[in-house]
file start_29.cif (mmCIF, C-alpha atoms (C1' of nucleotides))
data_input
#
loop_
_atom_site.group_PDB
_atom_site.id
_atom_site.type_symbol
_atom_site.label_atom_id
_atom_site.label_comp_id
_atom_site.auth_asym_id
_atom_site.auth_seq_id
_atom_site.Cartn_x
_atom_site.Cartn_y
_atom_site.Cartn_z
ATOM 1 C CA MET A 1 -27.560 20.595 -21.171
ATOM 2 C CA SER A 2 -25.475 19.129 -18.434
ATOM 3 C CA ILE A 3 -25.744 15.707 -16.925
ATOM 4 C CA ASP A 4 -28.168 14.857 -14.121
ATOM 5 C CA ILE A 5 -26.480 13.040 -11.294
ATOM 6 C CA ASN A 6 -29.552 11.042 -10.314
ATOM 7 C CA ASP A 7 -30.161 9.911 -13.863
ATOM 8 C CA ALA A 8 -26.547 8.839 -14.172
ATOM 9 C CA LEU A 9 -26.633 6.944 -10.889
ATOM 10 C CA LYS A 10 -29.797 5.181 -11.942
ATOM 11 C CA ALA A 11 -28.177 4.136 -15.204
ATOM 12 C CA LEU A 12 -25.111 2.821 -13.390
ATOM 13 C CA ASP A 13 -27.089 0.960 -10.747
ATOM 14 C CA ASN A 14 -26.968 -2.225 -12.762
ATOM 15 C CA PRO A 15 -23.877 -4.389 -13.082
ATOM 16 C CA ALA A 16 -24.376 -5.021 -16.792
ATOM 17 C CA ARG A 17 -24.729 -1.340 -17.661
ATOM 18 C CA LEU A 18 -21.780 -0.443 -15.459
ATOM 19 C CA ALA A 19 -19.670 -3.106 -17.164
ATOM 20 C CA ILE A 20 -20.650 -1.908 -20.626
ATOM 21 C CA LEU A 21 -19.587 1.634 -19.832
ATOM 22 C CA ALA A 22 -16.342 0.352 -18.355
ATOM 23 C CA LYS A 23 -15.568 -1.850 -21.345
ATOM 24 C CA LEU A 24 -16.181 1.002 -23.755
ATOM 25 C CA LYS A 25 -13.165 2.681 -22.203
ATOM 26 C CA ASP A 26 -10.901 0.416 -24.181
ATOM 27 C CA PRO A 27 -13.028 -0.789 -27.056
ATOM 28 C CA ARG A 28 -10.138 -2.113 -29.149
ATOM 29 C CA LYS A 29 -9.172 -4.477 -26.371
ATOM 30 C CA ASN A 30 -12.662 -5.373 -25.168
ATOM 31 C CA TYR A 31 -14.397 -5.560 -28.519
ATOM 32 C CA PRO A 32 -11.643 -6.640 -30.936
ATOM 33 C CA GLU A 33 -14.112 -7.985 -33.502
ATOM 34 C CA GLN A 34 -15.357 -4.446 -34.088
ATOM 35 C CA GLU A 35 -13.956 -3.573 -37.516
ATOM 36 C CA VAL A 36 -14.828 0.074 -37.896
ATOM 37 C CA ASP A 37 -12.535 2.123 -35.637
ATOM 38 C CA PRO A 38 -14.345 2.059 -32.295
ATOM 39 C CA GLU A 39 -12.509 5.105 -31.006
ATOM 40 C CA GLN A 40 -13.977 7.038 -33.881
ATOM 41 C CA VAL A 41 -17.510 5.792 -34.255
ATOM 42 C CA GLY A 42 -18.140 3.483 -31.331
ATOM 43 C CA VAL A 43 -19.089 -0.158 -30.988
ATOM 44 C CA CYS A 44 -22.193 -1.670 -32.519
ATOM 45 C CA VAL A 45 -24.982 -3.236 -30.516
ATOM 46 C CA SER A 46 -24.533 -6.834 -31.575
ATOM 47 C CA ILE A 47 -20.882 -6.899 -30.555
ATOM 48 C CA ILE A 48 -21.645 -5.389 -27.195
ATOM 49 C CA GLN A 49 -24.407 -7.943 -26.838
ATOM 50 C CA GLU A 50 -22.159 -10.930 -27.485
ATOM 51 C CA ARG A 51 -19.751 -9.905 -24.775
ATOM 52 C CA ALA A 52 -22.480 -9.107 -22.272
ATOM 53 C CA GLY A 53 -24.302 -12.391 -22.614
ATOM 54 C CA LEU A 54 -27.751 -10.863 -22.434
ATOM 55 C CA SER A 55 -30.493 -10.826 -25.025
ATOM 56 C CA GLN A 56 -30.422 -8.392 -27.909
ATOM 57 C CA SER A 57 -33.450 -6.523 -26.681
ATOM 58 C CA THR A 58 -32.078 -6.153 -23.174
ATOM 59 C CA ILE A 59 -28.793 -4.761 -24.459
ATOM 60 C CA SER A 60 -30.601 -2.378 -26.776
ATOM 61 C CA LEU A 61 -32.667 -1.209 -23.825
ATOM 62 C CA TYR A 62 -29.607 -0.782 -21.623
ATOM 63 C CA LEU A 63 -27.771 1.210 -24.246
ATOM 64 C CA THR A 64 -30.784 3.452 -24.617
ATOM 65 C CA ALA A 65 -30.795 3.914 -20.842
ATOM 66 C CA LEU A 66 -27.116 4.878 -20.841
ATOM 67 C CA GLN A 67 -27.842 7.304 -23.623
ATOM 68 C CA ARG A 68 -30.825 8.842 -21.830
ATOM 69 C CA ALA A 69 -28.481 9.406 -18.902
ATOM 70 C CA LYS A 70 -26.091 11.091 -21.346
ATOM 71 C CA LEU A 71 -23.231 8.778 -20.526
ATOM 72 C CA VAL A 72 -22.969 7.541 -24.123
ATOM 73 C CA THR A 73 -23.883 8.804 -27.550
ATOM 74 C CA SER A 74 -25.032 6.829 -30.521
ATOM 75 C CA GLN A 75 -24.766 7.196 -34.224
ATOM 76 C CA ARG A 76 -26.389 5.145 -36.902
ATOM 77 C CA ILE A 77 -24.367 4.200 -39.929
ATOM 78 C CA GLY A 78 -26.271 2.089 -42.384
ATOM 79 C CA PRO A 79 -27.897 -0.786 -40.548
ATOM 80 C CA TRP A 80 -25.663 -0.445 -37.496
ATOM 81 C CA THR A 81 -25.974 1.720 -34.441
ATOM 82 C CA TYR A 82 -22.669 2.531 -32.816
ATOM 83 C CA TYR A 83 -22.424 3.558 -29.202
ATOM 84 C CA LYS A 84 -19.521 5.305 -27.603
ATOM 85 C CA ARG A 85 -18.777 7.021 -24.333
ATOM 86 C CA ASP A 86 -19.513 10.679 -23.779
ATOM 87 C CA GLU A 87 -16.255 11.448 -22.049
ATOM 88 C CA ALA A 88 -17.104 15.035 -21.191
ATOM 89 C CA ASN A 89 -20.344 14.081 -19.477
ATOM 90 C CA ILE A 90 -18.803 11.114 -17.689
ATOM 91 C CA ALA A 91 -16.084 13.376 -16.332
ATOM 92 C CA GLU A 92 -18.666 15.922 -15.301
ATOM 93 C CA PHE A 93 -20.721 13.271 -13.557
ATOM 94 C CA LEU A 94 -17.696 12.062 -11.608
ATOM 95 C CA LYS A 95 -16.844 15.595 -10.619
ATOM 96 C CA GLN A 96 -20.384 16.361 -9.523
ATOM 97 C CA LEU A 97 -20.560 13.166 -7.504
ATOM 98 C CA GLN A 98 -17.228 13.918 -5.901
ATOM 99 C CA ASP A 99 -18.299 17.406 -4.955
ATOM 100 C CA LEU A 100 -21.647 16.248 -3.649
ATOM 101 C CA ILE A 101 -20.796 13.266 -1.502
ATOM 102 C CA MET B 1 -13.416 -5.673 3.919
ATOM 103 C CA SER B 2 -13.481 -3.132 1.172
ATOM 104 C CA ILE B 3 -16.472 -1.479 -0.344
ATOM 105 C CA ASP B 4 -18.495 -3.044 -3.164
ATOM 106 C CA ILE B 5 -19.092 -0.622 -5.983
ATOM 107 C CA ASN B 6 -22.426 -2.095 -7.017
ATOM 108 C CA ASP B 7 -23.737 -2.026 -3.461
ATOM 109 C CA ALA B 8 -22.670 1.592 -3.126
ATOM 110 C CA LEU B 9 -24.281 2.572 -6.421
ATOM 111 C CA LYS B 10 -27.482 0.853 -5.401
ATOM 112 C CA ALA B 11 -27.497 2.754 -2.131
ATOM 113 C CA LEU B 12 -26.927 6.050 -3.919
ATOM 114 C CA ASP B 13 -29.556 5.439 -6.570
ATOM 115 C CA ASN B 14 -32.171 7.241 -4.552
ATOM 116 C CA PRO B 15 -32.314 11.004 -4.203
ATOM 117 C CA ALA B 16 -33.148 10.891 -0.497
ATOM 118 C CA ARG B 17 -30.251 8.600 0.377
ATOM 119 C CA LEU B 18 -27.886 10.611 -1.800
ATOM 120 C CA ALA B 19 -29.007 13.805 -0.066
ATOM 121 C CA ILE B 20 -28.549 12.302 3.388
ATOM 122 C CA LEU B 21 -24.988 11.290 2.608
ATOM 123 C CA ALA B 22 -24.309 14.736 1.174
ATOM 124 C CA LYS B 23 -25.769 16.531 4.171
ATOM 125 C CA LEU B 24 -23.731 14.464 6.578
ATOM 126 C CA LYS B 25 -20.656 16.105 5.076
ATOM 127 C CA ASP B 26 -21.378 19.222 7.079
ATOM 128 C CA PRO B 27 -23.573 18.048 9.928
ATOM 129 C CA ARG B 28 -23.160 21.169 12.049
ATOM 130 C CA LYS B 29 -24.611 23.273 9.281
ATOM 131 C CA ASN B 30 -27.231 20.849 8.038
ATOM 132 C CA TYR B 31 -28.349 19.445 11.372
ATOM 133 C CA PRO B 32 -27.798 22.326 13.818
ATOM 134 C CA GLU B 33 -30.270 20.944 16.348
ATOM 135 C CA GLN B 34 -27.973 17.995 16.932
ATOM 136 C CA GLU B 35 -26.474 18.677 20.349
ATOM 137 C CA VAL B 36 -23.868 15.988 20.751
ATOM 138 C CA ASP B 37 -20.888 16.824 18.516
ATOM 139 C CA PRO B 38 -21.895 15.373 15.162
ATOM 140 C CA GLU B 39 -18.326 15.270 13.889
ATOM 141 C CA GLN B 40 -17.503 12.959 16.751
ATOM 142 C CA VAL B 41 -20.478 10.676 17.083
ATOM 143 C CA GLY B 42 -22.741 11.410 14.136
ATOM 144 C CA VAL B 43 -26.329 12.569 13.777
ATOM 145 C CA CYS B 44 -29.272 10.753 15.290
ATOM 146 C CA VAL B 45 -32.058 9.220 13.246
ATOM 147 C CA SER B 46 -34.874 11.512 14.317
ATOM 148 C CA ILE B 47 -32.978 14.653 13.330
ATOM 149 C CA ILE B 48 -32.097 13.235 9.957
ATOM 150 C CA GLN B 49 -35.728 12.263 9.581
ATOM 151 C CA GLU B 50 -37.051 15.748 10.270
ATOM 152 C CA ARG B 51 -34.887 17.272 7.588
ATOM 153 C CA ALA B 52 -35.652 14.590 5.040
ATOM 154 C CA GLY B 53 -39.407 14.814 5.387
ATOM 155 C CA LEU B 54 -39.950 11.079 5.141
ATOM 156 C CA SER B 55 -41.408 8.708 7.700
ATOM 157 C CA GLN B 56 -39.338 7.381 10.552
ATOM 158 C CA SER B 57 -39.453 3.849 9.234
ATOM 159 C CA THR B 58 -38.321 4.905 5.775
ATOM 160 C CA ILE B 59 -35.379 6.859 7.136
ATOM 161 C CA SER B 60 -34.387 4.023 9.396
ATOM 162 C CA LEU B 61 -34.459 1.700 6.401
ATOM 163 C CA TYR B 62 -32.446 4.109 4.263
ATOM 164 C CA LEU B 63 -29.805 4.548 6.918
ATOM 165 C CA THR B 64 -29.535 0.805 7.245
ATOM 166 C CA ALA B 65 -29.117 0.588 3.478
ATOM 167 C CA LEU B 66 -26.340 3.175 3.532
ATOM 168 C CA GLN B 67 -24.702 1.224 6.309
ATOM 169 C CA ARG B 68 -24.992 -2.093 4.469
ATOM 170 C CA ALA B 69 -23.243 -0.391 1.568
ATOM 171 C CA LYS B 70 -20.550 0.677 4.057
ATOM 172 C CA LEU B 71 -20.952 4.357 3.283
ATOM 173 C CA VAL B 72 -21.881 5.208 6.870
ATOM 174 C CA THR B 73 -21.332 3.726 10.296
ATOM 175 C CA SER B 74 -23.649 3.802 13.249
ATOM 176 C CA GLN B 75 -23.232 3.778 16.948
ATOM 177 C CA ARG B 76 -25.866 3.514 19.603
ATOM 178 C CA ILE B 77 -25.572 5.702 22.658
ATOM 179 C CA GLY B 78 -28.391 5.220 25.061
ATOM 180 C CA PRO B 79 -31.683 5.473 23.234
ATOM 181 C CA TRP B 80 -30.164 7.155 20.196
ATOM 182 C CA THR B 81 -28.476 5.735 17.141
ATOM 183 C CA TYR B 82 -25.992 8.094 15.558
ATOM 184 C CA TYR B 83 -24.985 7.776 11.950
ATOM 185 C CA LYS B 84 -21.934 9.298 10.383
ATOM 186 C CA ARG B 85 -20.060 9.017 7.121
ATOM 187 C CA ASP B 86 -17.369 6.427 6.576
ATOM 188 C CA GLU B 87 -14.952 8.780 4.888
ATOM 189 C CA ALA B 88 -12.399 6.132 4.027
ATOM 190 C CA ASN B 89 -14.927 3.934 2.266
ATOM 191 C CA ILE B 90 -16.574 6.849 0.490
ATOM 192 C CA ALA B 91 -13.193 7.922 -0.830
ATOM 193 C CA GLU B 92 -12.437 4.383 -1.874
ATOM 194 C CA PHE B 93 -15.764 4.100 -3.657
ATOM 195 C CA LEU B 94 -15.127 7.310 -5.572
ATOM 196 C CA LYS B 95 -11.689 6.124 -6.532
ATOM 197 C CA GLN B 96 -12.960 2.725 -7.667
ATOM 198 C CA LEU B 97 -15.717 4.324 -9.687
ATOM 199 C CA GLN B 98 -13.264 6.728 -11.272
ATOM 200 C CA ASP B 99 -10.897 3.934 -12.199
ATOM 201 C CA LEU B 100 -13.688 1.751 -13.526
ATOM 202 C CA ILE B 101 -15.722 4.080 -15.675
ATOM 203 C "C1'" DC C 1 -41.751 -2.466 37.351
ATOM 204 C "C1'" DA C 2 -44.376 1.030 34.425
ATOM 205 C "C1'" DA C 3 -44.207 4.672 31.223
ATOM 206 C "C1'" DA C 4 -42.287 7.146 27.559
ATOM 207 C "C1'" DG C 5 -39.211 8.115 23.839
ATOM 208 C "C1'" DA C 6 -36.126 6.373 20.057
ATOM 209 C "C1'" DA C 7 -35.204 3.187 16.632
ATOM 210 C "C1'" DA C 8 -35.938 -1.039 14.214
ATOM 211 C "C1'" DA C 9 -38.792 -4.598 12.239
ATOM 212 C "C1'" DC C 10 -42.967 -6.002 10.039
ATOM 213 C "C1'" DG C 11 -46.627 -5.997 6.595
ATOM 214 C "C1'" DA C 12 -48.659 -4.036 2.626
ATOM 215 C "C1'" DG C 13 -49.924 -1.619 -1.706
ATOM 216 C "C1'" DA C 14 -48.101 0.950 -5.497
ATOM 217 C "C1'" DT C 15 -44.632 1.397 -8.695
ATOM 218 C "C1'" DA C 16 -40.194 0.285 -11.060
ATOM 219 C "C1'" DT C 17 -36.736 -2.787 -12.807
ATOM 220 C "C1'" DT C 18 -35.135 -6.960 -14.846
ATOM 221 C "C1'" DG C 19 -34.634 -9.608 -18.775
ATOM 222 C "C1'" DC C 20 -37.120 -12.471 -21.708
ATOM 223 C "C1'" DT C 21 -39.791 -13.622 -26.365
ATOM 224 C "C1'" DA C 22 -42.137 -11.860 -30.048
ATOM 225 C "C1'" DT C 23 -42.878 -8.278 -33.248
ATOM 226 C "C1'" DA C 24 -41.896 -4.010 -35.715
ATOM 227 C "C1'" DT C 25 -38.810 -0.960 -37.990
ATOM 228 C "C1'" DT C 26 -34.866 0.415 -40.528
ATOM 229 C "C1'" DG C 27 -31.509 0.187 -44.231
ATOM 230 C "C1'" DG C 28 -28.859 -2.277 -47.800
ATOM 231 C "C1'" DC C 29 -28.944 -5.081 -51.680
ATOM 232 C "C1'" DA C 30 -30.434 -8.519 -55.340
ATOM 233 C "C1'" DT D 1 -40.033 -4.732 -54.924
ATOM 234 C "C1'" DG D 2 -38.810 -8.352 -51.666
ATOM 235 C "C1'" DC D 3 -35.591 -10.267 -48.497
ATOM 236 C "C1'" DC D 4 -32.250 -10.261 -44.878
ATOM 237 C "C1'" DA D 5 -29.493 -8.532 -41.098
ATOM 238 C "C1'" DA D 6 -29.301 -5.100 -37.352
ATOM 239 C "C1'" DT D 7 -31.889 -2.489 -33.924
ATOM 240 C "C1'" DA D 8 -35.750 -0.957 -31.579
ATOM 241 C "C1'" DT D 9 -40.133 -1.481 -29.393
ATOM 242 C "C1'" DA D 10 -44.017 -3.932 -27.148
ATOM 243 C "C1'" DG D 11 -45.736 -6.946 -23.945
ATOM 244 C "C1'" DC D 12 -45.033 -9.764 -20.118
ATOM 245 C "C1'" DA D 13 -44.027 -12.341 -15.605
ATOM 246 C "C1'" DA D 14 -40.927 -12.254 -11.840
ATOM 247 C "C1'" DT D 15 -38.706 -9.684 -8.645
ATOM 248 C "C1'" DA D 16 -37.240 -5.533 -6.249
ATOM 249 C "C1'" DT D 17 -37.881 -0.966 -4.464
ATOM 250 C "C1'" DC D 18 -40.477 2.731 -2.453
ATOM 251 C "C1'" DT D 19 -42.753 4.425 1.331
ATOM 252 C "C1'" DC D 20 -46.212 4.205 4.398
ATOM 253 C "C1'" DG D 21 -48.667 2.888 8.976
ATOM 254 C "C1'" DT D 22 -48.313 -0.231 12.718
ATOM 255 C "C1'" DT D 23 -45.979 -3.017 16.016
ATOM 256 C "C1'" DT D 24 -42.032 -4.472 18.514
ATOM 257 C "C1'" DT D 25 -37.735 -3.830 20.793
ATOM 258 C "C1'" DC D 26 -34.543 -1.226 23.356
ATOM 259 C "C1'" DT D 27 -33.231 2.187 26.768
ATOM 260 C "C1'" DT D 28 -33.722 5.542 30.285
ATOM 261 C "C1'" DT D 29 -36.191 7.436 34.048
ATOM 262 C "C1'" DG D 30 -39.808 7.878 37.653
#
call {"tool": "encode", "arguments": {"input": "start_29.cif", "output": "structure tokens"}}
result
Amino acid sequence: MSIDINDALKALDNPARLAILAKLKDPRKNYPEQEVDPEQVGVCVSIIQERAGLSQSTISLYLTALQRAKLVTSQRIGPWTYYKRDEANIAEFLKQLQDLI
Amino acid sequence: MSIDINDALKALDNPARLAILAKLKDPRKNYPEQEVDPEQVGVCVSIIQERAGLSQSTISLYLTALQRAKLVTSQRIGPWTYYKRDEANIAEFLKQLQDLI
DNA sequence: CAAAGAAAACGAGATATTGCTATATTGGCA
DNA sequence: TGCCAATATAGCAATATCTCGTTTTCTTTG
């Protein structure tokens, strides 16, 4: 199903979550310590956490929130969970917002 | 000064405030009882309130919040306060958001 | 000046969010 | 199996937001 504009706005109404989504735009630059190709699989929680300077549990919570809002997807590979942007939904959200307001 | 993206997102993270901003796009259609030309001066608080179905104090607060976020401007004419969209800032917000995320 | 209407400010209770520490769960590996 | 690293979840106190009813302020008009 398609993205819900209010859910997306709620997820983005937090500077840390907004910054995470923004940084995931260029993961190679913003998360260079990520070894597995971030464009392919995403960036793992602990690396996102380091950069954000918040606790592990808070970051995990925030990533879950972004995922509930359908702005990112996650995939677990072994012990790691990788998060990456859902470009189609982000684009749809921006379009919906633009049309609405 | 220019708009702050986090302030704007905070203001829009509320379905009622989002709807008000959206409705102000076409005030003649959405607020037909407004007699003074809404494109010129805006729509007054009590008319916005009627349509929104929330208390007067809540609407007043919400409009103030939208104004603090610089998404609308207000002008008082006699006993009425008219609110209208700040198109330049709204466009700038959308552009900033698009560039950021 | 008094009265009335419009809007804003105030005060309050319910609910939500923030971000933490502590604990649980998951998966890989010796 | 038992241990360790990576995530997720639970529980919590502090703060913020929601939304109301009430009160105050502002403005026009009699």
call {"tool": "residues_around", "arguments": {"input": "start_29.cif", "residues": "Asp7 (chain B)", "least_positions_apart": "2", "cutoff": "9 Å", "atoms": "only C-alpha atoms (C1' of nucleotides)", "output": "JSON, numbers by chain"}}
result
{"A": [13], "B": [3, 4, 5, 9, 10, 11, 12, 68, 69, 70]}
call {"tool": "write_last_selection", "arguments": {"input": "start_29.cif", "atoms": "C-alpha atoms", "output": "PDB file, in the frame of the given file"}}
result
ATOM      1  CA  ASP A  13     -27.089   0.960 -10.747  1.00  0.00           C
TER       2      ASP A  13
ATOM      3  CA  ILE B   3     -16.472  -1.479  -0.344  1.00  0.00           C
ATOM      4  CA  ASP B   4     -18.495  -3.044  -3.164  1.00  0.00           C
ATOM      5  CA  ILE B   5     -19.092  -0.622  -5.983  1.00  0.00           C
ATOM      6  CA  LEU B   9     -24.281   2.572  -6.421  1.00  0.00           C
ATOM      7  CA  LYS B  10     -27.482   0.853  -5.401  1.00  0.00           C
ATOM      8  CA  ALA B  11     -27.497   2.754  -2.131  1.00  0.00           C
ATOM      9  CA  LEU B  12     -26.927   6.050  -3.919  1.00  0.00           C
ATOM     10  CA  ARG B  68     -24.992  -2.093   4.469  1.00  0.00           C
ATOM     11  CA  ALA B  69     -23.243  -0.391   1.568  1.00  0.00           C
ATOM     12  CA  LYS B  70     -20.550   0.677   4.057  1.00  0.00           C
TER      13      LYS B  70
END
call {"tool": "closest_atom_pairs", "arguments": {"input": "start_29.cif", "of": "chain B", "to": "chain A", "cutoff": "9 Å", "atoms": "all atoms listed in the file", "output": "tab-separated table"}}
result
residue	atom	partner	partner_atom	distance
B:Asn6	CA	A:Pro15	CA	6.6
B:Asp7	CA	A:Asp13	CA	8.6
B:Ala8	CA	A:Asp13	CA	8.8
B:Leu9	CA	A:Asp13	CA	5.4
B:Lys10	CA	A:Asp13	CA	5.4
B:Ala11	CA	A:Asp13	CA	8.8
B:Leu12	CA	A:Leu9	CA	7.0
B:Asp13	CA	A:Lys10	CA	5.4
B:Asn14	CA	A:Asn6	CA	7.4
B:Pro15	CA	A:Asn6	CA	6.7
B:Leu18	CA	A:Ile101	CA	7.6
B:Ala19	CA	A:Ile101	CA	8.4
B:Leu21	CA	A:Ile101	CA	6.2
B:Ala22	CA	A:Ile101	CA	4.7
B:Lys23	CA	A:Ile101	CA	8.2
B:Leu24	CA	A:Ile101	CA	8.7
B:Lys25	CA	A:Ile101	CA	7.2
B:Ile90	CA	A:Ile101	CA	7.9
B:Ala91	CA	A:Gln98	CA	8.8
B:Leu94	CA	A:Gln98	CA	6.9
B:Leu97	CA	A:Leu94	CA	8.2
B:Gln98	CA	A:Leu94	CA	6.9
B:Asp99	CA	A:Ala22	CA	9.0
B:Leu100	CA	A:Ala22	CA	5.7
B:Ile101	CA	A:Ala22	CA	4.6
call {"tool": "interface_residues", "arguments": {"input": "start_29.cif", "of": "chain B", "to": "chain C", "cutoff": "8 Å", "atoms": "only C-alpha atoms (C1' of nucleotides)", "output": "number ranges by chain"}}
result
B: 45-46, 57, 60, 79-81
call {"tool": "calpha_fit_and_write", "arguments": {"input": "start_29.cif", "fixed": "chain A", "moving": "chain B", "output": "CSV table (one decimal) with C-alpha atoms, keeping the file's coordinate frame"}}
result
chain,number,residue,atom,x,y,z
B,1,MET,CA,-27.6,20.5,-21.2
B,2,SER,CA,-25.5,19.1,-18.4
B,3,ILE,CA,-25.8,15.7,-16.9
B,4,ASP,CA,-28.2,14.8,-14.1
B,5,ILE,CA,-26.5,13.0,-11.3
B,6,ASN,CA,-29.6,11.0,-10.3
B,7,ASP,CA,-30.2,9.9,-13.9
B,8,ALA,CA,-26.5,8.8,-14.2
B,9,LEU,CA,-26.6,6.9,-10.9
B,10,LYS,CA,-29.8,5.2,-11.9
B,11,ALA,CA,-28.2,4.1,-15.2
B,12,LEU,CA,-25.1,2.8,-13.4
B,13,ASP,CA,-27.1,0.9,-10.7
B,14,ASN,CA,-26.9,-2.2,-12.8
B,15,PRO,CA,-23.8,-4.4,-13.1
B,16,ALA,CA,-24.3,-5.0,-16.8
B,17,ARG,CA,-24.7,-1.3,-17.7
B,18,LEU,CA,-21.7,-0.4,-15.4
B,19,ALA,CA,-19.6,-3.1,-17.2
B,20,ILE,CA,-20.6,-1.9,-20.6
B,21,LEU,CA,-19.6,1.6,-19.8
B,22,ALA,CA,-16.3,0.4,-18.4
B,23,LYS,CA,-15.5,-1.8,-21.3
B,24,LEU,CA,-16.2,1.0,-23.8
B,25,LYS,CA,-13.1,2.7,-22.2
B,26,ASP,CA,-10.9,0.4,-24.2
B,27,PRO,CA,-13.0,-0.8,-27.1
B,28,ARG,CA,-10.1,-2.1,-29.2
B,29,LYS,CA,-9.2,-4.5,-26.4
B,30,ASN,CA,-12.7,-5.4,-25.2
B,31,TYR,CA,-14.4,-5.6,-28.5
B,32,PRO,CA,-11.6,-6.7,-31.0
B,33,GLU,CA,-14.1,-8.0,-33.5
B,34,GLN,CA,-15.4,-4.5,-34.1
B,35,GLU,CA,-13.9,-3.6,-37.5
B,36,VAL,CA,-14.8,0.1,-37.9
B,37,ASP,CA,-12.5,2.1,-35.6
B,38,PRO,CA,-14.3,2.1,-32.3
B,39,GLU,CA,-12.5,5.1,-31.0
B,40,GLN,CA,-14.0,7.1,-33.9
B,41,VAL,CA,-17.5,5.8,-34.3
B,42,GLY,CA,-18.1,3.5,-31.3
B,43,VAL,CA,-19.1,-0.2,-31.0
B,44,CYS,CA,-22.2,-1.7,-32.5
B,45,VAL,CA,-25.0,-3.2,-30.5
B,46,SER,CA,-24.6,-6.8,-31.6
B,47,ILE,CA,-20.9,-6.9,-30.6
B,48,ILE,CA,-21.7,-5.4,-27.2
B,49,GLN,CA,-24.4,-7.9,-26.9
B,50,GLU,CA,-22.2,-10.9,-27.5
B,51,ARG,CA,-19.8,-9.9,-24.8
B,52,ALA,CA,-22.5,-9.1,-22.3
B,53,GLY,CA,-24.3,-12.4,-22.7
B,54,LEU,CA,-27.8,-10.8,-22.5
B,55,SER,CA,-30.5,-10.8,-25.1
B,56,GLN,CA,-30.5,-8.3,-27.9
B,57,SER,CA,-33.5,-6.5,-26.6
B,58,THR,CA,-32.1,-6.1,-23.1
B,59,ILE,CA,-28.8,-4.7,-24.5
B,60,SER,CA,-30.7,-2.4,-26.7
B,61,LEU,CA,-32.7,-1.2,-23.8
B,62,TYR,CA,-29.6,-0.8,-21.6
B,63,LEU,CA,-27.8,1.2,-24.2
B,64,THR,CA,-30.8,3.5,-24.6
B,65,ALA,CA,-30.8,3.9,-20.8
B,66,LEU,CA,-27.1,4.9,-20.8
B,67,GLN,CA,-27.8,7.3,-23.6
B,68,ARG,CA,-30.8,8.9,-21.8
B,69,ALA,CA,-28.5,9.4,-18.9
B,70,LYS,CA,-26.1,11.1,-21.3
B,71,LEU,CA,-23.2,8.8,-20.5
B,72,VAL,CA,-23.0,7.5,-24.1
B,73,THR,CA,-23.9,8.8,-27.6
B,74,SER,CA,-25.0,6.8,-30.5
B,75,GLN,CA,-24.8,7.2,-34.2
B,76,ARG,CA,-26.4,5.1,-36.9
B,77,ILE,CA,-24.3,4.2,-39.9
B,78,GLY,CA,-26.2,2.1,-42.4
B,79,PRO,CA,-27.8,-0.8,-40.5
B,80,TRP,CA,-25.6,-0.5,-37.5
B,81,THR,CA,-26.0,1.7,-34.4
B,82,TYR,CA,-22.6,2.5,-32.8
B,83,TYR,CA,-22.4,3.5,-29.2
B,84,LYS,CA,-19.5,5.3,-27.6
B,85,ARG,CA,-18.8,7.0,-24.3
B,86,ASP,CA,-19.5,10.7,-23.8
B,87,GLU,CA,-16.2,11.4,-22.1
B,88,ALA,CA,-17.1,15.0,-21.2
B,89,ASN,CA,-20.3,14.1,-19.5
B,90,ILE,CA,-18.8,11.1,-17.7
B,91,ALA,CA,-16.1,13.4,-16.3
B,92,GLU,CA,-18.7,15.9,-15.3
B,93,PHE,CA,-20.7,13.3,-13.6
B,94,LEU,CA,-17.7,12.1,-11.6
B,95,LYS,CA,-16.9,15.6,-10.6
B,96,GLN,CA,-20.4,16.4,-9.5
B,97,LEU,CA,-20.6,13.2,-7.5
B,98,GLN,CA,-17.2,14.0,-5.9
B,99,ASP,CA,-18.3,17.5,-5.0
B,100,LEU,CA,-21.7,16.3,-3.7
B,101,ILE,CA,-20.9,13.3,-1.5
call {"tool": "interface_residues", "arguments": {"input": "start_29.cif", "of": "chain D", "to": "chain A", "cutoff": "9 Å", "atoms": "all atoms listed in the file", "output": "PyMOL selection string"}}
result
chain D and resi 5-9
call {"tool": "resolve_selection", "arguments": {"input": "start_29.cif", "expression": "the PyMOL selection byres ((chain A and resi 83) around 6)", "output": "VMD selection string"}}
result
chain A and resid 42 to 43 73 to 74 82 84
call {"tool": "closest_residue", "arguments": {"input": "start_29.cif", "among": "B:Val36, B:Asn89, B:Asp26, B:Arg17", "to": "Gln49 (chain B)", "atoms": "only C-alpha atoms"}}
result
B:Arg17
call {"tool": "resolve_selection", "arguments": {"input": "start_29.cif", "expression": "the PyMOL selection byres ((chain D and resi 11-19) around 7)", "output": "ChimeraX atom specification"}}
result
/B:58 /D:10,20
call {"tool": "atom_distance", "arguments": {"input": "start_29.cif", "atom1": "CA of Pro38 (chain B)", "atom2": "CA of Arg51 (chain B)"}}
result
15.2 Å
call {"tool": "atom_distance", "arguments": {"input": "start_29.cif", "atom1": "CA of Asp86 (chain B)", "atom2": "CA of Leu71 (chain B)"}}
result
5.3 Å
call {"tool": "atom_distance", "arguments": {"input": "start_29.cif", "atom1": "CA of Ala88 (chain B)", "atom2": "CA of Val72 (chain B)"}}
result
9.9 Å
call {"tool": "axis_aligned_box", "arguments": {"input": "start_29.cif", "around": "region 37-54 of chain A", "padding_each_side": "6 Å", "output": "AutoDock Vina command-line options"}}
result
--center_x -20.1 --center_y -2.7 --center_z -29.0 --size_x 27.2 --size_y 31.4 --size_z 25.4
call {"tool": "decode", "arguments": {"input": "start_29.cif", "residues": "region 9-16 of chain D", "atoms": "C-alpha atoms (C1' of nucleotides)", "output": "mmCIF file, in the first residue's frame"}}
result
data_model
loop_
_atom_site.group_PDB
_atom_site.id
_atom_site.type_symbol
_atom_site.label_atom_id
_atom_site.label_comp_id
_atom_site.auth_asym_id
_atom_site.auth_seq_id
_atom_site.Cartn_x
_atom_site.Cartn_y
_atom_site.Cartn_z
ATOM 1 C "C1'" DT D 9 11.962 -4.497 23.446
ATOM 2 C "C1'" DA D 10 10.454 -3.019 28.102
ATOM 3 C "C1'" DG D 11 10.112 0.208 31.532
ATOM 4 C "C1'" DC D 12 10.707 4.733 33.031
ATOM 5 C "C1'" DA D 13 10.992 9.893 34.179
ATOM 6 C "C1'" DA D 14 10.952 14.241 31.970
ATOM 7 C "C1'" DT D 15 8.962 17.004 28.783
ATOM 8 C "C1'" DA D 16 5.821 18.307 25.101
#
